[in-house]
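Asker: This is start_12.txt (compact mmCIF, N, CA and C atoms).
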```
# COMPACT_ATOMS: atom_id res chain seq x y z
N MET V 1 7.46 11.23 14.71
CA MET V 1 8.30 10.36 13.93
C MET V 1 9.69 10.99 13.84
N THR V 2 10.72 10.22 14.09
CA THR V 2 12.07 10.76 14.09
C THR V 2 12.77 10.64 12.73
N LYS V 3 12.36 9.70 11.91
CA LYS V 3 12.98 9.56 10.60
C LYS V 3 11.92 9.41 9.53
N LYS V 4 12.30 9.78 8.31
CA LYS V 4 11.38 9.63 7.19
C LYS V 4 11.38 8.19 6.73
N LEU V 5 10.24 7.77 6.18
CA LEU V 5 10.16 6.46 5.56
C LEU V 5 10.92 6.52 4.24
N LYS V 6 11.54 5.43 3.87
CA LYS V 6 12.29 5.40 2.61
C LYS V 6 11.37 5.43 1.40
N CYS V 7 10.22 4.73 1.52
CA CYS V 7 9.32 4.64 0.37
C CYS V 7 7.91 4.25 0.84
N VAL V 8 6.91 4.85 0.19
CA VAL V 8 5.51 4.49 0.39
C VAL V 8 4.97 4.06 -0.98
N LEU V 9 4.24 2.94 -1.01
CA LEU V 9 3.66 2.43 -2.25
C LEU V 9 2.14 2.53 -2.18
N LEU V 10 1.57 3.18 -3.20
CA LEU V 10 0.11 3.23 -3.36
C LEU V 10 -0.27 2.20 -4.41
N VAL V 11 -1.21 1.32 -4.08
CA VAL V 11 -1.67 0.30 -5.03
C VAL V 11 -3.16 0.54 -5.23
N ASP V 12 -3.50 1.22 -6.32
CA ASP V 12 -4.89 1.62 -6.56
C ASP V 12 -5.06 1.96 -8.03
N ASP V 13 -6.16 1.52 -8.62
CA ASP V 13 -6.44 1.81 -10.03
C ASP V 13 -7.16 3.14 -10.23
N ASP V 14 -7.48 3.83 -9.16
CA ASP V 14 -8.21 5.10 -9.23
C ASP V 14 -7.21 6.26 -9.21
N ASN V 15 -7.05 6.90 -10.37
CA ASN V 15 -6.08 7.99 -10.48
C ASN V 15 -6.43 9.16 -9.56
N GLY V 16 -7.71 9.43 -9.37
CA GLY V 16 -8.12 10.51 -8.48
C GLY V 16 -7.72 10.23 -7.04
N ALA V 17 -7.95 9.00 -6.60
CA ALA V 17 -7.56 8.60 -5.24
C ALA V 17 -6.04 8.67 -5.09
N ASN V 18 -5.32 8.22 -6.11
CA ASN V 18 -3.85 8.28 -6.05
C ASN V 18 -3.37 9.72 -5.95
N PHE V 19 -4.01 10.63 -6.69
CA PHE V 19 -3.64 12.05 -6.64
C PHE V 19 -3.82 12.60 -5.22
N ILE V 20 -4.99 12.35 -4.64
CA ILE V 20 -5.29 12.85 -3.28
C ILE V 20 -4.36 12.22 -2.26
N ASN V 21 -4.18 10.91 -2.34
CA ASN V 21 -3.33 10.21 -1.38
C ASN V 21 -1.88 10.68 -1.48
N ARG V 22 -1.40 10.87 -2.70
CA ARG V 22 -0.04 11.38 -2.89
C ARG V 22 0.10 12.77 -2.27
N MET V 23 -0.90 13.60 -2.49
CA MET V 23 -0.87 14.96 -1.96
C MET V 23 -0.82 14.95 -0.43
N ILE V 24 -1.63 14.12 0.21
CA ILE V 24 -1.66 14.02 1.67
C ILE V 24 -0.30 13.52 2.19
N ILE V 25 0.24 12.51 1.54
CA ILE V 25 1.53 11.95 1.97
C ILE V 25 2.64 12.99 1.80
N GLU V 26 2.64 13.68 0.66
CA GLU V 26 3.66 14.71 0.43
C GLU V 26 3.56 15.82 1.47
N GLU V 27 2.34 16.28 1.74
CA GLU V 27 2.15 17.36 2.72
C GLU V 27 2.57 16.94 4.12
N SER V 28 2.44 15.64 4.42
CA SER V 28 2.80 15.16 5.75
C SER V 28 4.31 15.16 5.97
N GLY V 29 5.06 15.03 4.88
CA GLY V 29 6.51 14.99 4.99
C GLY V 29 7.07 13.67 5.49
N ILE V 30 6.28 12.58 5.46
CA ILE V 30 6.76 11.30 6.01
C ILE V 30 7.75 10.59 5.09
N THR V 31 7.78 10.98 3.81
CA THR V 31 8.69 10.35 2.86
C THR V 31 8.95 11.31 1.70
N ASP V 32 10.06 11.08 1.04
CA ASP V 32 10.35 11.82 -0.18
C ASP V 32 10.08 10.95 -1.41
N ARG V 33 9.70 9.69 -1.17
CA ARG V 33 9.50 8.77 -2.29
C ARG V 33 8.15 8.08 -2.19
N ILE V 34 7.31 8.35 -3.18
CA ILE V 34 5.99 7.72 -3.27
C ILE V 34 5.92 7.03 -4.62
N GLU V 35 5.68 5.74 -4.62
CA GLU V 35 5.52 4.97 -5.85
C GLU V 35 4.05 4.61 -6.00
N ILE V 36 3.58 4.52 -7.25
CA ILE V 36 2.19 4.19 -7.51
C ILE V 36 2.13 3.05 -8.52
N THR V 37 1.36 2.03 -8.18
CA THR V 37 1.04 0.96 -9.12
C THR V 37 -0.48 0.90 -9.24
N LEU V 38 -0.97 0.49 -10.41
CA LEU V 38 -2.40 0.61 -10.70
C LEU V 38 -3.20 -0.67 -10.48
N ASN V 39 -2.54 -1.74 -10.05
CA ASN V 39 -3.26 -2.98 -9.73
C ASN V 39 -2.32 -3.89 -8.95
N GLY V 40 -2.87 -4.98 -8.46
CA GLY V 40 -2.08 -5.90 -7.64
C GLY V 40 -0.95 -6.56 -8.40
N LYS V 41 -1.17 -6.87 -9.68
CA LYS V 41 -0.10 -7.50 -10.47
C LYS V 41 1.08 -6.56 -10.62
N GLU V 42 0.80 -5.31 -10.95
CA GLU V 42 1.88 -4.33 -11.10
C GLU V 42 2.63 -4.15 -9.77
N ALA V 43 1.90 -4.14 -8.67
CA ALA V 43 2.53 -4.00 -7.35
C ALA V 43 3.42 -5.20 -7.03
N LEU V 44 2.95 -6.39 -7.33
CA LEU V 44 3.76 -7.59 -7.10
C LEU V 44 5.01 -7.58 -7.97
N ASP V 45 4.86 -7.15 -9.22
CA ASP V 45 6.02 -7.03 -10.11
C ASP V 45 7.02 -6.03 -9.54
N TYR V 46 6.51 -4.91 -9.02
CA TYR V 46 7.37 -3.89 -8.42
C TYR V 46 8.15 -4.48 -7.25
N LEU V 47 7.45 -5.16 -6.37
CA LEU V 47 8.08 -5.72 -5.17
C LEU V 47 9.09 -6.82 -5.49
N ALA V 48 8.78 -7.62 -6.53
CA ALA V 48 9.66 -8.71 -6.91
C ALA V 48 10.72 -8.26 -7.92
N LYS V 49 10.62 -7.02 -8.37
CA LYS V 49 11.55 -6.45 -9.36
C LYS V 49 11.59 -7.30 -10.62
N VAL V 50 10.39 -7.60 -11.16
CA VAL V 50 10.27 -8.36 -12.40
C VAL V 50 9.43 -7.55 -13.40
N GLY V 51 9.31 -8.09 -14.61
CA GLY V 51 8.53 -7.40 -15.64
C GLY V 51 9.15 -6.06 -15.96
N LYS V 52 8.34 -5.04 -16.05
CA LYS V 52 8.85 -3.71 -16.42
C LYS V 52 9.77 -3.11 -15.35
N TYR V 53 9.79 -3.70 -14.16
CA TYR V 53 10.65 -3.20 -13.08
C TYR V 53 11.99 -3.92 -13.01
N GLU V 54 12.18 -4.94 -13.83
CA GLU V 54 13.38 -5.77 -13.77
C GLU V 54 14.67 -4.97 -13.98
N SER V 55 14.64 -4.02 -14.88
CA SER V 55 15.87 -3.26 -15.18
C SER V 55 15.93 -1.91 -14.47
N VAL V 56 14.97 -1.63 -13.59
CA VAL V 56 14.98 -0.38 -12.85
C VAL V 56 15.94 -0.53 -11.67
N GLU V 57 16.91 0.35 -11.57
CA GLU V 57 17.97 0.19 -10.58
C GLU V 57 17.63 0.71 -9.18
N ASN V 58 16.81 1.72 -9.09
CA ASN V 58 16.61 2.36 -7.78
C ASN V 58 15.27 2.01 -7.12
N ILE V 59 14.79 0.81 -7.32
CA ILE V 59 13.56 0.37 -6.67
C ILE V 59 13.85 0.13 -5.19
N MET V 60 12.98 0.68 -4.35
CA MET V 60 13.13 0.50 -2.91
C MET V 60 11.95 -0.32 -2.39
N THR V 61 12.21 -1.18 -1.45
CA THR V 61 11.12 -1.89 -0.79
C THR V 61 10.36 -0.88 0.05
N PRO V 62 9.05 -0.75 -0.17
CA PRO V 62 8.29 0.23 0.61
C PRO V 62 8.16 -0.20 2.06
N GLU V 63 8.23 0.77 2.94
CA GLU V 63 7.99 0.48 4.35
C GLU V 63 6.50 0.49 4.65
N LEU V 64 5.73 1.19 3.80
CA LEU V 64 4.29 1.32 3.98
C LEU V 64 3.62 1.16 2.63
N ILE V 65 2.59 0.29 2.59
CA ILE V 65 1.81 0.07 1.37
C ILE V 65 0.35 0.38 1.69
N PHE V 66 -0.26 1.23 0.87
CA PHE V 66 -1.70 1.47 0.92
C PHE V 66 -2.31 0.69 -0.23
N LEU V 67 -3.22 -0.23 0.09
CA LEU V 67 -3.75 -1.19 -0.87
C LEU V 67 -5.26 -1.06 -1.02
N ASP V 68 -5.72 -0.90 -2.27
CA ASP V 68 -7.15 -0.91 -2.56
C ASP V 68 -7.61 -2.37 -2.67
N ILE V 69 -8.91 -2.60 -2.52
CA ILE V 69 -9.43 -3.95 -2.65
C ILE V 69 -9.82 -4.26 -4.09
N ASN V 70 -10.67 -3.42 -4.66
CA ASN V 70 -11.24 -3.69 -5.98
C ASN V 70 -10.41 -3.06 -7.08
N MET V 71 -9.64 -3.92 -7.77
CA MET V 71 -8.78 -3.50 -8.87
C MET V 71 -8.80 -4.56 -9.96
N PRO V 72 -8.44 -4.18 -11.19
CA PRO V 72 -8.37 -5.17 -12.27
C PRO V 72 -7.13 -6.06 -12.14
N LEU V 73 -7.13 -7.12 -12.90
CA LEU V 73 -6.04 -8.11 -12.98
C LEU V 73 -5.88 -8.88 -11.69
N ILE V 74 -5.34 -8.26 -10.67
CA ILE V 74 -5.20 -8.88 -9.35
C ILE V 74 -5.74 -7.87 -8.33
N ASP V 75 -6.78 -8.28 -7.61
CA ASP V 75 -7.36 -7.36 -6.62
C ASP V 75 -6.56 -7.38 -5.32
N GLY V 76 -7.00 -6.62 -4.35
CA GLY V 76 -6.28 -6.52 -3.09
C GLY V 76 -6.16 -7.83 -2.35
N TRP V 77 -7.21 -8.63 -2.38
CA TRP V 77 -7.18 -9.93 -1.67
C TRP V 77 -6.17 -10.87 -2.34
N GLU V 78 -6.21 -10.92 -3.68
CA GLU V 78 -5.27 -11.77 -4.40
C GLU V 78 -3.83 -11.28 -4.22
N PHE V 79 -3.66 -9.96 -4.19
CA PHE V 79 -2.34 -9.39 -3.93
C PHE V 79 -1.79 -9.91 -2.61
N LEU V 80 -2.62 -9.89 -1.57
CA LEU V 80 -2.17 -10.32 -0.25
C LEU V 80 -1.76 -11.79 -0.24
N GLU V 81 -2.50 -12.64 -0.96
CA GLU V 81 -2.14 -14.05 -1.06
C GLU V 81 -0.76 -14.21 -1.70
N GLU V 82 -0.53 -13.50 -2.79
CA GLU V 82 0.74 -13.59 -3.51
C GLU V 82 1.87 -12.91 -2.75
N TYR V 83 1.56 -11.82 -2.06
CA TYR V 83 2.56 -11.08 -1.28
C TYR V 83 3.20 -12.00 -0.23
N ASN V 84 2.38 -12.84 0.36
CA ASN V 84 2.89 -13.76 1.39
C ASN V 84 3.87 -14.78 0.82
N LYS V 85 3.84 -14.99 -0.49
CA LYS V 85 4.73 -15.95 -1.13
C LYS V 85 6.06 -15.31 -1.57
N LEU V 86 6.10 -13.99 -1.59
CA LEU V 86 7.31 -13.30 -2.03
C LEU V 86 8.44 -13.50 -1.03
N GLU V 87 9.64 -13.62 -1.55
CA GLU V 87 10.82 -13.65 -0.69
C GLU V 87 11.14 -12.20 -0.36
N LYS V 88 11.09 -11.87 0.90
CA LYS V 88 11.29 -10.48 1.31
C LYS V 88 12.39 -10.39 2.35
N LYS V 89 13.22 -9.39 2.19
CA LYS V 89 14.24 -9.12 3.20
C LYS V 89 13.65 -8.24 4.30
N HIS V 90 12.55 -7.61 3.98
CA HIS V 90 11.98 -6.61 4.88
C HIS V 90 10.46 -6.63 4.71
N LYS V 91 9.75 -6.62 5.77
CA LYS V 91 8.30 -6.67 5.72
C LYS V 91 7.72 -5.25 5.71
N SER V 92 6.77 -5.04 4.82
CA SER V 92 6.09 -3.75 4.74
C SER V 92 4.85 -3.75 5.62
N ILE V 93 4.49 -2.58 6.12
CA ILE V 93 3.21 -2.39 6.78
C ILE V 93 2.19 -2.20 5.67
N ILE V 94 1.13 -3.01 5.65
CA ILE V 94 0.11 -2.91 4.61
C ILE V 94 -1.20 -2.46 5.24
N ILE V 95 -1.75 -1.39 4.68
CA ILE V 95 -3.03 -0.84 5.13
C ILE V 95 -4.00 -0.92 3.97
N LEU V 96 -5.13 -1.59 4.16
CA LEU V 96 -6.18 -1.55 3.14
C LEU V 96 -6.79 -0.15 3.19
N LEU V 97 -6.86 0.48 2.05
CA LEU V 97 -7.43 1.82 1.94
C LEU V 97 -8.50 1.71 0.87
N THR V 98 -9.76 1.72 1.28
CA THR V 98 -10.84 1.35 0.37
C THR V 98 -12.10 2.18 0.57
N THR V 99 -12.94 2.16 -0.43
CA THR V 99 -14.27 2.78 -0.32
C THR V 99 -15.32 1.74 0.04
N SER V 100 -14.91 0.49 0.20
CA SER V 100 -15.84 -0.59 0.48
C SER V 100 -16.58 -0.35 1.80
N LEU V 101 -17.89 -0.44 1.73
CA LEU V 101 -18.71 -0.35 2.93
C LEU V 101 -19.21 -1.72 3.37
N ASN V 102 -18.75 -2.75 2.68
CA ASN V 102 -19.17 -4.11 2.96
C ASN V 102 -18.54 -4.58 4.27
N PRO V 103 -19.36 -4.87 5.28
CA PRO V 103 -18.80 -5.32 6.57
C PRO V 103 -18.02 -6.63 6.45
N ASP V 104 -18.35 -7.44 5.43
CA ASP V 104 -17.61 -8.69 5.22
C ASP V 104 -16.16 -8.42 4.84
N ASP V 105 -15.91 -7.30 4.13
CA ASP V 105 -14.53 -6.96 3.78
C ASP V 105 -13.72 -6.67 5.03
N LYS V 106 -14.31 -5.94 5.95
CA LYS V 106 -13.59 -5.61 7.19
C LYS V 106 -13.33 -6.88 8.01
N LYS V 107 -14.33 -7.75 8.09
CA LYS V 107 -14.16 -9.01 8.83
C LYS V 107 -13.07 -9.87 8.18
N ARG V 108 -13.07 -9.92 6.86
CA ARG V 108 -12.06 -10.70 6.14
C ARG V 108 -10.67 -10.12 6.38
N ALA V 109 -10.57 -8.80 6.36
CA ALA V 109 -9.29 -8.13 6.58
C ALA V 109 -8.75 -8.42 7.98
N GLU V 110 -9.61 -8.48 8.97
CA GLU V 110 -9.19 -8.72 10.34
C GLU V 110 -8.55 -10.10 10.52
N LYS V 111 -8.85 -11.03 9.60
CA LYS V 111 -8.33 -12.39 9.70
C LYS V 111 -6.99 -12.56 8.99
N ILE V 112 -6.52 -11.51 8.32
CA ILE V 112 -5.28 -11.61 7.54
C ILE V 112 -4.14 -10.98 8.32
N SER V 113 -3.21 -11.81 8.75
CA SER V 113 -2.13 -11.33 9.62
C SER V 113 -1.19 -10.36 8.90
N THR V 114 -1.12 -10.43 7.59
CA THR V 114 -0.25 -9.55 6.81
C THR V 114 -0.73 -8.11 6.86
N LEU V 115 -2.02 -7.91 7.09
CA LEU V 115 -2.59 -6.56 7.11
C LEU V 115 -2.40 -5.91 8.47
N SER V 116 -2.08 -4.64 8.42
CA SER V 116 -1.90 -3.88 9.66
C SER V 116 -3.04 -2.92 9.92
N GLY V 117 -3.97 -2.78 8.96
CA GLY V 117 -5.08 -1.88 9.17
C GLY V 117 -6.05 -1.85 8.02
N PHE V 118 -7.21 -1.26 8.27
CA PHE V 118 -8.30 -1.14 7.30
C PHE V 118 -8.84 0.27 7.45
N GLU V 119 -8.66 1.11 6.45
CA GLU V 119 -9.08 2.51 6.52
C GLU V 119 -9.93 2.86 5.30
N ASN V 120 -10.74 3.88 5.46
CA ASN V 120 -11.59 4.35 4.36
C ASN V 120 -10.87 5.39 3.53
N LYS V 121 -11.13 5.35 2.21
CA LYS V 121 -10.63 6.36 1.29
C LYS V 121 -11.52 7.58 1.38
N PRO V 122 -11.01 8.73 1.05
CA PRO V 122 -9.61 9.00 0.77
C PRO V 122 -8.82 9.12 2.07
N LEU V 123 -7.53 8.96 1.95
CA LEU V 123 -6.63 9.14 3.08
C LEU V 123 -6.72 10.58 3.56
N ASP V 124 -6.63 10.78 4.85
CA ASP V 124 -6.57 12.15 5.38
C ASP V 124 -5.39 12.22 6.34
N ILE V 125 -5.01 13.43 6.68
CA ILE V 125 -3.80 13.64 7.48
C ILE V 125 -3.92 13.01 8.87
N THR V 126 -5.11 13.05 9.45
CA THR V 126 -5.30 12.47 10.78
C THR V 126 -5.10 10.95 10.74
N THR V 127 -5.67 10.30 9.74
CA THR V 127 -5.50 8.85 9.60
C THR V 127 -4.04 8.51 9.34
N LEU V 128 -3.39 9.26 8.48
CA LEU V 128 -1.98 9.02 8.19
C LEU V 128 -1.12 9.17 9.44
N GLN V 129 -1.36 10.21 10.19
CA GLN V 129 -0.60 10.42 11.43
C GLN V 129 -0.82 9.28 12.42
N LYS V 130 -2.06 8.79 12.50
CA LYS V 130 -2.37 7.66 13.39
C LYS V 130 -1.60 6.41 12.95
N ILE V 131 -1.56 6.15 11.66
CA ILE V 131 -0.85 4.99 11.13
C ILE V 131 0.65 5.10 11.42
N ILE V 132 1.21 6.27 11.18
CA ILE V 132 2.65 6.48 11.42
C ILE V 132 2.97 6.31 12.90
N LYS V 133 2.14 6.89 13.75
CA LYS V 133 2.37 6.78 15.20
C LYS V 133 2.29 5.32 15.66
N GLU V 134 1.33 4.60 15.13
CA GLU V 134 1.11 3.22 15.56
C GLU V 134 2.18 2.25 15.05
N HIS V 135 2.67 2.47 13.84
CA HIS V 135 3.55 1.48 13.21
C HIS V 135 5.01 1.89 13.06
N PHE V 136 5.30 3.18 13.25
CA PHE V 136 6.68 3.62 13.05
C PHE V 136 7.13 4.45 14.23
```
Any chance you could give the structure as structure tokens?

Answerer:
Amino acid sequence: MTKKLKCVLLVDDDNGANFINRMIIEESGITDRIEITLNGKEALDYLAKVGKYESVENIMTPELIFLDINMPLIDGWEFLEEYNKLEKKHKSIIILLTTSLNPDDKKRAEKISTLSGFENKPLDITTLQKIIKEHF
């Protein structure tokens, strides 16, 4: 990779997973900015710069989003439906990062054009490098 990503967004209600994923991303050096939201609603608010993010001045559109499936308020699937409705100047690469072993989840993910990948949690350096090589 020749340049760093401006921002990576983690969308997951699991604080332990967020800690590990943040650590892997930081160690990789792919970005200096990692944002974390705890559910799909918070992530949508972040991306649309509404709610508690409305007055935040330095919000960056993430180039890469790691999205969990099972979360409160708005889950990963609902997030994807709403994400497609957002007015965006720039499209993010979205990777489902989940513990789901349900084969139906993978099949469903393959049918969603907004998704760029489906990976198992926790994130590891090899998977991250593969994603960066493939998409950036």

Asker: Using only N, CA and C atoms, find the one residue out of V:Phe79, V:Phe66, V:Phe136, V:Phe118 that sits nearest to Val8 in chain V.

Answerer: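 Closest to Val8 in chain V, using only N, CA and C atoms: V:Phe66.
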
Asker: Please compute the CA of Ile131 in chain V-CA of Asp45 in chain V distance, one decimal, in Å.

Answerer: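 Computing the Euclidean distance for CA of Ile131 in chain V and CA of Asp45 in chain V yields 25.4 Å.
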
Asker: With distances taken over only C-alpha atoms, which residue among V:Glu63, V:Glu110, V:Glu134, V:Asp105 lies nearest Gly76 in chain V?

Answerer: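 Residue with the minimum atom-to-atom distance to Gly76 in chain V: V:Asp105.
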
Asker: V:Leu128, V:Leu115, V:Ile93, V:Leu123: which is nearest Ile65 in chain V, counting only C-alpha atoms?

Answerer: V:Ile93

Asker: Identify all residues of range 65-99 of chain V in alpha helix (DSSP H) (DSSP on the backbone) and supply them as a list of chain:residue names.

Answerer: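 Answer for range 65-99 of chain V, restricted to alpha helix (DSSP H): V:Gly76, V:Trp77, V:Glu78, V:Phe79, V:Leu80, V:Glu81, V:Glu82, V:Tyr83.
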
Asker: Would you work out the distance separating atom N of Thr99 in chain V from atom C of Arg33 in chain V, expressed in Å to one decimal?

Answerer: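 Distance reported for this atom pair: 22.0 Å.
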
Asker: For Lys4 in chain V, work out the shell of residues within 8 Å, counting only C-alpha atoms and skipping chain neighbours fewer than 3 positions away, then give it as a list in words.

Answerer: Met1, Gly29, Ile30, Thr31 and Asp32 of chain V

Asker: For Val11 in chain V, which of V:Pro62, V:Tyr53, V:Leu67, V:Ile95 is the closest residue, counting only N, CA and C atoms?

Answerer: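 Checking each candidate against Val11 in chain V, we get V:Leu67 as the closest.
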
Asker: Would you compute the distance between CA of Lys49 in chain V and CA of Ile69 in chain V? Give it in Å to one decimal.

Answerer: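 Distance between the two atoms: 22.2 Å.
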
Asker: Give the answer as one residue: which of V:Leu38, V:Asp13, V:Trp77, V:Gln129 has the shortest atom-to-atom distance to Lys106 in chain V, using only C-alpha atoms?

Answerer: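 Among the listed residues, the smallest separation from Lys106 in chain V belongs to V:Trp77.
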
Asker: Quick check for you: according to DSSP on this backbone, which residues of chain V are classed as strand (DSSP E)? Reply as a short mmCIF file (atom, residue, chain, number, x, y, z; two decimals) with N, CA and C atoms, in the frame of the given file.

Answerer:
```
data_model
loop_
_atom_site.label_atom_id
_atom_site.label_comp_id
_atom_site.auth_asym_id
_atom_site.auth_seq_id
_atom_site.Cartn_x
_atom_site.Cartn_y
_atom_site.Cartn_z
N VAL V 8 6.91 4.85 0.19
CA VAL V 8 5.51 4.49 0.39
C VAL V 8 4.97 4.06 -0.98
N LEU V 9 4.24 2.94 -1.01
CA LEU V 9 3.66 2.43 -2.25
C LEU V 9 2.14 2.53 -2.18
N LEU V 10 1.57 3.18 -3.20
CA LEU V 10 0.11 3.23 -3.36
C LEU V 10 -0.27 2.20 -4.41
N VAL V 11 -1.21 1.32 -4.08
CA VAL V 11 -1.67 0.30 -5.03
C VAL V 11 -3.16 0.54 -5.23
N ILE V 34 7.31 8.35 -3.18
CA ILE V 34 5.99 7.72 -3.27
C ILE V 34 5.92 7.03 -4.62
N GLU V 35 5.68 5.74 -4.62
CA GLU V 35 5.52 4.97 -5.85
C GLU V 35 4.05 4.61 -6.00
N ILE V 36 3.58 4.52 -7.25
CA ILE V 36 2.19 4.19 -7.51
C ILE V 36 2.13 3.05 -8.52
N THR V 37 1.36 2.03 -8.18
CA THR V 37 1.04 0.96 -9.12
C THR V 37 -0.48 0.90 -9.24
N LEU V 64 5.73 1.19 3.80
CA LEU V 64 4.29 1.32 3.98
C LEU V 64 3.62 1.16 2.63
N ILE V 65 2.59 0.29 2.59
CA ILE V 65 1.81 0.07 1.37
C ILE V 65 0.35 0.38 1.69
N PHE V 66 -0.26 1.23 0.87
CA PHE V 66 -1.70 1.47 0.92
C PHE V 66 -2.31 0.69 -0.23
N LEU V 67 -3.22 -0.23 0.09
CA LEU V 67 -3.75 -1.19 -0.87
C LEU V 67 -5.26 -1.06 -1.02
N ILE V 93 4.49 -2.58 6.12
CA ILE V 93 3.21 -2.39 6.78
C ILE V 93 2.19 -2.20 5.67
N ILE V 94 1.13 -3.01 5.65
CA ILE V 94 0.11 -2.91 4.61
C ILE V 94 -1.20 -2.46 5.24
N ILE V 95 -1.75 -1.39 4.68
CA ILE V 95 -3.03 -0.84 5.13
C ILE V 95 -4.00 -0.92 3.97
N LEU V 96 -5.13 -1.59 4.16
CA LEU V 96 -6.18 -1.55 3.14
C LEU V 96 -6.79 -0.15 3.19
N LEU V 97 -6.86 0.48 2.05
CA LEU V 97 -7.43 1.82 1.94
C LEU V 97 -8.50 1.71 0.87
N THR V 98 -9.76 1.72 1.28
CA THR V 98 -10.84 1.35 0.37
C THR V 98 -12.10 2.18 0.57
N LEU V 115 -2.02 -7.91 7.09
CA LEU V 115 -2.59 -6.56 7.11
C LEU V 115 -2.40 -5.91 8.47
N SER V 116 -2.08 -4.64 8.42
CA SER V 116 -1.90 -3.88 9.66
C SER V 116 -3.04 -2.92 9.92
N GLY V 117 -3.97 -2.78 8.96
CA GLY V 117 -5.08 -1.88 9.17
C GLY V 117 -6.05 -1.85 8.02
N PHE V 118 -7.21 -1.26 8.27
CA PHE V 118 -8.30 -1.14 7.30
C PHE V 118 -8.84 0.27 7.45
N GLU V 119 -8.66 1.11 6.45
CA GLU V 119 -9.08 2.51 6.52
C GLU V 119 -9.93 2.86 5.30
N ASN V 120 -10.74 3.88 5.46
CA ASN V 120 -11.59 4.35 4.36
C ASN V 120 -10.87 5.39 3.53
#
```

Asker: Between V:Lys52, V:Lys91, V:Arg108, V:Lys6, which residue has the minimum interatomic distance to Glu35 in chain V, considering only C-alpha atoms?

Answerer: V:Lys6
